[in-house]
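Engineer: Provided herewith is a single structure, encoded as structure tokens, for subsequent inquiry.
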Amino acid sequence: MGKRQAVQRRSRHIVSNQAGPHERLAETVRTHLTHPFQKPVQPHTRAAFEHLQACLTAAGAAPDVDRALILDACCGVGDSSRHLAVRHPDCRVIGVDRSAHRLARHRDGRLPDNLILLRADLVDLYRLMRGAGWRLARHCLFYPNPYPKAAHLGRRWHGSPVFPDMLALGGMLEVRSNWRVYVDEFAGALRLCGIEATVEPWTADSPVTAFERKYRDSGHGLWRLCADVNGFAGAAVPPPLNF
């Protein structure tokens, strides 16, 4: 590999006008806990959810059946989803990304039998899952876009109006990031919801995504948050979804 190629593959460190958790974090989270998100669901995500329900039912893994579900959110090309499916063969893994292009990226070999890759908008899918009474065993958010500008707090998952719907799905939540502020802020948002989380340095000995490998090889500090969100019950009950 030439020097130019090596430089091109390095990932830049995150630059932000935030040195710590956002000053409006508590105000934002409390607002979302008391005001249900009422944005209409997009038709393509409603159709994707119906397809997902049909696939799970056909596989004997419907959410009302005793079969553990793992959600790999923002899965990109699905590398982490494949990893989770192989590591947890007794579970049904659902990898979700909003980009059809990323999901269509070629990977050698067939998908594991216990894996479904789905194109959908998670903002809508979380609410559809909650409305249908789904429960997760594990919920993975590996390297979500941190939106490092302070003005973009509302674009981060813990600053989004859909945050209570995410937590209402339950399960063991794991978030990984190369920006310590993001995981600290996420942990703070969870505490506001009555949930304790652990935040610790993460060593990616066997990277599960291209981002994880690139961040590691570029010398970034990696961080992991883990929390049991099964006891979450602090959100307002959402109204019926407007399709």
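Order determines the names: the first chain of the structure tokens is A, the second B, and so forth; residues in each chain are numbered 1 upward, and ligands are numbered 1 upward as they are shown.
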What's the 9 Å shell around His220 in chain A, counting only C-alpha atoms, without same-chain residues fewer than 2 positions away, as a list in words?
Structural biologist: Ser11, Arg12, His13, Asn178, Trp179, Lys214, Tyr215, Arg216, Asp217, Ser218 and Leu222 of chain A
Engineer: If we count only C-alpha atoms, what is near Asn230 in chain A at a cut-off of 10 Å, once residues fewer than 4 positions away on the same chain are taken out, given as a PyMOL selection string?
Structural biologist: chain A and resi 135-137+167-173+195
Engineer: Dump all heavy atoms for the selected residues as a short mmCIF file (atom, residue, chain, number, x, y, z; two decimals), in the first residue's frame?
Structural biologist:
```cif
data_model
loop_
_atom_site.label_atom_id
_atom_site.label_comp_id
_atom_site.auth_asym_id
_atom_site.auth_seq_id
_atom_site.Cartn_x
_atom_site.Cartn_y
_atom_site.Cartn_z
N ARG A 135 -40.60 -6.68 21.82
CA ARG A 135 -39.56 -6.59 22.85
C ARG A 135 -38.27 -7.19 22.28
O ARG A 135 -38.30 -8.20 21.59
CB ARG A 135 -39.96 -7.35 24.11
CG ARG A 135 -41.21 -6.84 24.78
CD ARG A 135 -41.01 -5.48 25.43
NE ARG A 135 -40.11 -5.56 26.58
CZ ARG A 135 -39.75 -4.51 27.30
NH1 ARG A 135 -40.19 -3.31 26.98
NH2 ARG A 135 -38.96 -4.66 28.34
N LEU A 136 -37.16 -6.54 22.59
CA LEU A 136 -35.86 -6.98 22.11
C LEU A 136 -35.08 -7.67 23.22
O LEU A 136 -35.24 -7.34 24.40
CB LEU A 136 -35.05 -5.79 21.60
CG LEU A 136 -35.67 -4.96 20.48
CD1 LEU A 136 -34.79 -3.75 20.18
CD2 LEU A 136 -35.86 -5.80 19.21
N ALA A 137 -34.21 -8.58 22.81
CA ALA A 137 -33.25 -9.16 23.75
C ALA A 137 -32.00 -8.30 23.81
O ALA A 137 -31.45 -8.05 24.88
CB ALA A 137 -32.89 -10.58 23.32
N LEU A 167 -36.22 3.07 23.90
CA LEU A 167 -36.04 2.45 25.21
C LEU A 167 -37.19 1.51 25.56
O LEU A 167 -36.99 0.50 26.23
CB LEU A 167 -35.90 3.52 26.28
CG LEU A 167 -34.74 4.51 26.11
CD1 LEU A 167 -34.68 5.44 27.31
CD2 LEU A 167 -33.42 3.79 25.91
N ALA A 168 -38.39 1.84 25.10
CA ALA A 168 -39.56 1.02 25.42
C ALA A 168 -39.49 -0.38 24.81
O ALA A 168 -40.22 -1.28 25.23
CB ALA A 168 -40.84 1.72 24.95
N LEU A 169 -38.59 -0.58 23.85
CA LEU A 169 -38.43 -1.91 23.25
C LEU A 169 -37.64 -2.85 24.15
O LEU A 169 -37.60 -4.05 23.91
CB LEU A 169 -37.73 -1.79 21.88
CG LEU A 169 -38.50 -1.02 20.81
CD1 LEU A 169 -37.65 -0.89 19.56
CD2 LEU A 169 -39.82 -1.71 20.50
N GLY A 170 -37.00 -2.30 25.19
CA GLY A 170 -36.30 -3.11 26.17
C GLY A 170 -35.01 -3.71 25.64
O GLY A 170 -34.46 -3.29 24.62
N GLY A 171 -34.52 -4.70 26.37
CA GLY A 171 -33.31 -5.40 25.97
C GLY A 171 -32.05 -4.85 26.60
O GLY A 171 -32.07 -3.88 27.36
N MET A 172 -30.94 -5.49 26.27
CA MET A 172 -29.62 -5.01 26.66
C MET A 172 -29.12 -4.09 25.55
O MET A 172 -28.96 -4.52 24.41
CB MET A 172 -28.66 -6.18 26.86
CG MET A 172 -29.06 -7.12 27.99
SD MET A 172 -29.17 -6.29 29.61
CE MET A 172 -27.48 -5.71 29.80
N LEU A 173 -28.91 -2.85 25.90
CA LEU A 173 -28.50 -1.83 24.92
C LEU A 173 -26.99 -1.68 24.93
O LEU A 173 -26.38 -1.55 26.00
CB LEU A 173 -29.16 -0.50 25.26
CG LEU A 173 -28.75 0.72 24.44
CD1 LEU A 173 -29.20 0.57 22.98
CD2 LEU A 173 -29.35 1.99 25.04
N ILE A 195 -32.40 4.96 34.18
CA ILE A 195 -31.61 3.80 33.76
C ILE A 195 -30.13 4.09 33.97
O ILE A 195 -29.62 5.12 33.50
CB ILE A 195 -31.86 3.47 32.27
CG1 ILE A 195 -33.33 3.13 32.04
CG2 ILE A 195 -30.96 2.33 31.81
CD1 ILE A 195 -33.71 3.09 30.57
#
```
Engineer: Contacts of His22 in chain A at 10 Å or less, counting only C-alpha atoms, minus same-chain residues fewer than 3 places along, as a list in words?
Structural biologist: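 In the requested form, the answer reads Gln18, Ala19, Leu25, Ala26, Thr28, Ala150, Ala151, Leu153, Gly159, Val181, Tyr182, Glu185 and Gly188 of chain A.
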Engineer: The selected residues should be written to file as a short mmCIF file (atom, residue, chain, number, x, y, z; two decimals), in the first residue's frame (atoms: N, CA and C atoms).
Structural biologist:
```
data_model
loop_
_atom_site.label_atom_id
_atom_site.label_comp_id
_atom_site.auth_asym_id
_atom_site.auth_seq_id
_atom_site.Cartn_x
_atom_site.Cartn_y
_atom_site.Cartn_z
N GLN A 18 -18.46 21.23 21.37
CA GLN A 18 -18.89 20.71 22.67
C GLN A 18 -17.72 20.02 23.35
N ALA A 19 -17.44 20.39 24.57
CA ALA A 19 -16.37 19.73 25.33
C ALA A 19 -16.93 18.67 26.27
N LEU A 25 -29.34 19.02 27.39
CA LEU A 25 -29.69 17.60 27.35
C LEU A 25 -30.90 17.28 28.22
N ALA A 26 -30.87 17.71 29.48
CA ALA A 26 -31.96 17.37 30.40
C ALA A 26 -33.29 17.95 29.92
N THR A 28 -34.15 18.66 26.89
CA THR A 28 -34.57 17.97 25.67
C THR A 28 -35.17 16.60 25.98
N ALA A 150 -22.97 21.21 18.28
CA ALA A 150 -23.89 21.36 19.41
C ALA A 150 -25.32 21.65 18.94
N ALA A 151 -25.45 22.36 17.82
CA ALA A 151 -26.77 22.70 17.30
C ALA A 151 -27.54 21.47 16.84
N LEU A 153 -27.98 18.51 18.47
CA LEU A 153 -28.34 17.58 19.54
C LEU A 153 -29.56 16.74 19.16
N GLY A 159 -31.09 12.48 21.77
CA GLY A 159 -31.71 13.79 21.72
C GLY A 159 -32.92 13.84 20.81
N VAL A 181 -17.70 12.10 24.29
CA VAL A 181 -18.82 12.98 24.65
C VAL A 181 -20.15 12.32 24.29
N TYR A 182 -20.19 11.62 23.16
CA TYR A 182 -21.44 11.00 22.72
C TYR A 182 -21.92 9.95 23.72
N GLU A 185 -22.93 11.53 27.03
CA GLU A 185 -24.22 12.21 26.88
C GLU A 185 -25.36 11.20 26.83
N GLY A 188 -26.03 10.04 30.23
CA GLY A 188 -26.77 11.06 30.96
C GLY A 188 -28.24 11.05 30.60
#
```
Engineer: A:Leu192, A:Leu125, A:Ala204, A:Ala187: which is nearest Phe49 in chain A, counting only C-alpha atoms?
Structural biologist: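 With only C-alpha atoms as the atom set, the closest residue is A:Leu125.
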Engineer: In terms of the shortest atom-to-atom distance over only C-alpha atoms, which of A:Asn114, A:Ser81, A:Ser160, A:Thr34 is closest to Leu141 in chain A?
Structural biologist: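 Comparing A:Asn114, A:Ser81, A:Ser160, A:Thr34 against Leu141 in chain A, the winner is A:Ser81.
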Engineer: Taking the DSSP secondary structure from the backbone, can you list the residues of range 28-101 of chain A that are strand (DSSP E or B), as a tab-separated table (two decimals) with N, CA and C atoms, in the first residue's frame?
Structural biologist:
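result_18.tsv was written with the following content:
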```tsv
chain	number	residue	atom	x	y	z
A	69	LEU	N	-34.98	-11.62	19.93
A	69	LEU	CA	-34.72	-10.73	18.80
A	69	LEU	C	-33.57	-9.80	19.14
A	70	ILE	N	-32.67	-9.62	18.18
A	70	ILE	CA	-31.56	-8.68	18.30
A	70	ILE	C	-31.71	-7.66	17.18
A	71	LEU	N	-31.69	-6.37	17.54
A	71	LEU	CA	-31.79	-5.31	16.54
A	71	LEU	C	-30.43	-4.65	16.39
A	72	ASP	N	-29.91	-4.66	15.17
A	72	ASP	CA	-28.66	-3.98	14.85
A	72	ASP	C	-29.02	-2.72	14.08
A	73	ALA	N	-29.10	-1.60	14.81
A	73	ALA	CA	-29.58	-0.34	14.24
A	73	ALA	C	-28.46	0.38	13.49
A	92	ARG	N	-32.90	-14.33	16.45
A	92	ARG	CA	-33.20	-13.74	15.15
A	92	ARG	C	-32.61	-12.33	15.14
A	93	VAL	N	-31.73	-12.04	14.19
A	93	VAL	CA	-31.06	-10.74	14.11
A	93	VAL	C	-31.68	-9.92	12.98
A	94	ILE	N	-32.01	-8.67	13.28
A	94	ILE	CA	-32.58	-7.75	12.29
A	94	ILE	C	-31.61	-6.59	12.14
A	95	GLY	N	-31.00	-6.48	10.96
A	95	GLY	CA	-30.11	-5.36	10.65
A	95	GLY	C	-30.87	-4.32	9.85
A	96	VAL	N	-30.88	-3.08	10.33
A	96	VAL	CA	-31.68	-2.03	9.69
A	96	VAL	C	-30.79	-0.84	9.30
A	97	ASP	N	-30.98	-0.38	8.08
A	97	ASP	CA	-30.33	0.84	7.62
A	97	ASP	C	-31.28	1.55	6.67
```
Engineer: Write out as a PyMOL selection string each polymer residue whose atoms come within 12 Å of Glu50 in chain A, counting only C-alpha atoms; drop sequence neighbours fewer than 6 positions from it.
Structural biologist: chain A and resi 43-44+56-57+62+118+120+125+128-129+132
Engineer: Smallest atom-to-atom distance to Val29 in chain A: which of A:Gly154, A:Pro146, A:Gly131, A:Pro207, using only C-alpha atoms?
Structural biologist: A:Gly154
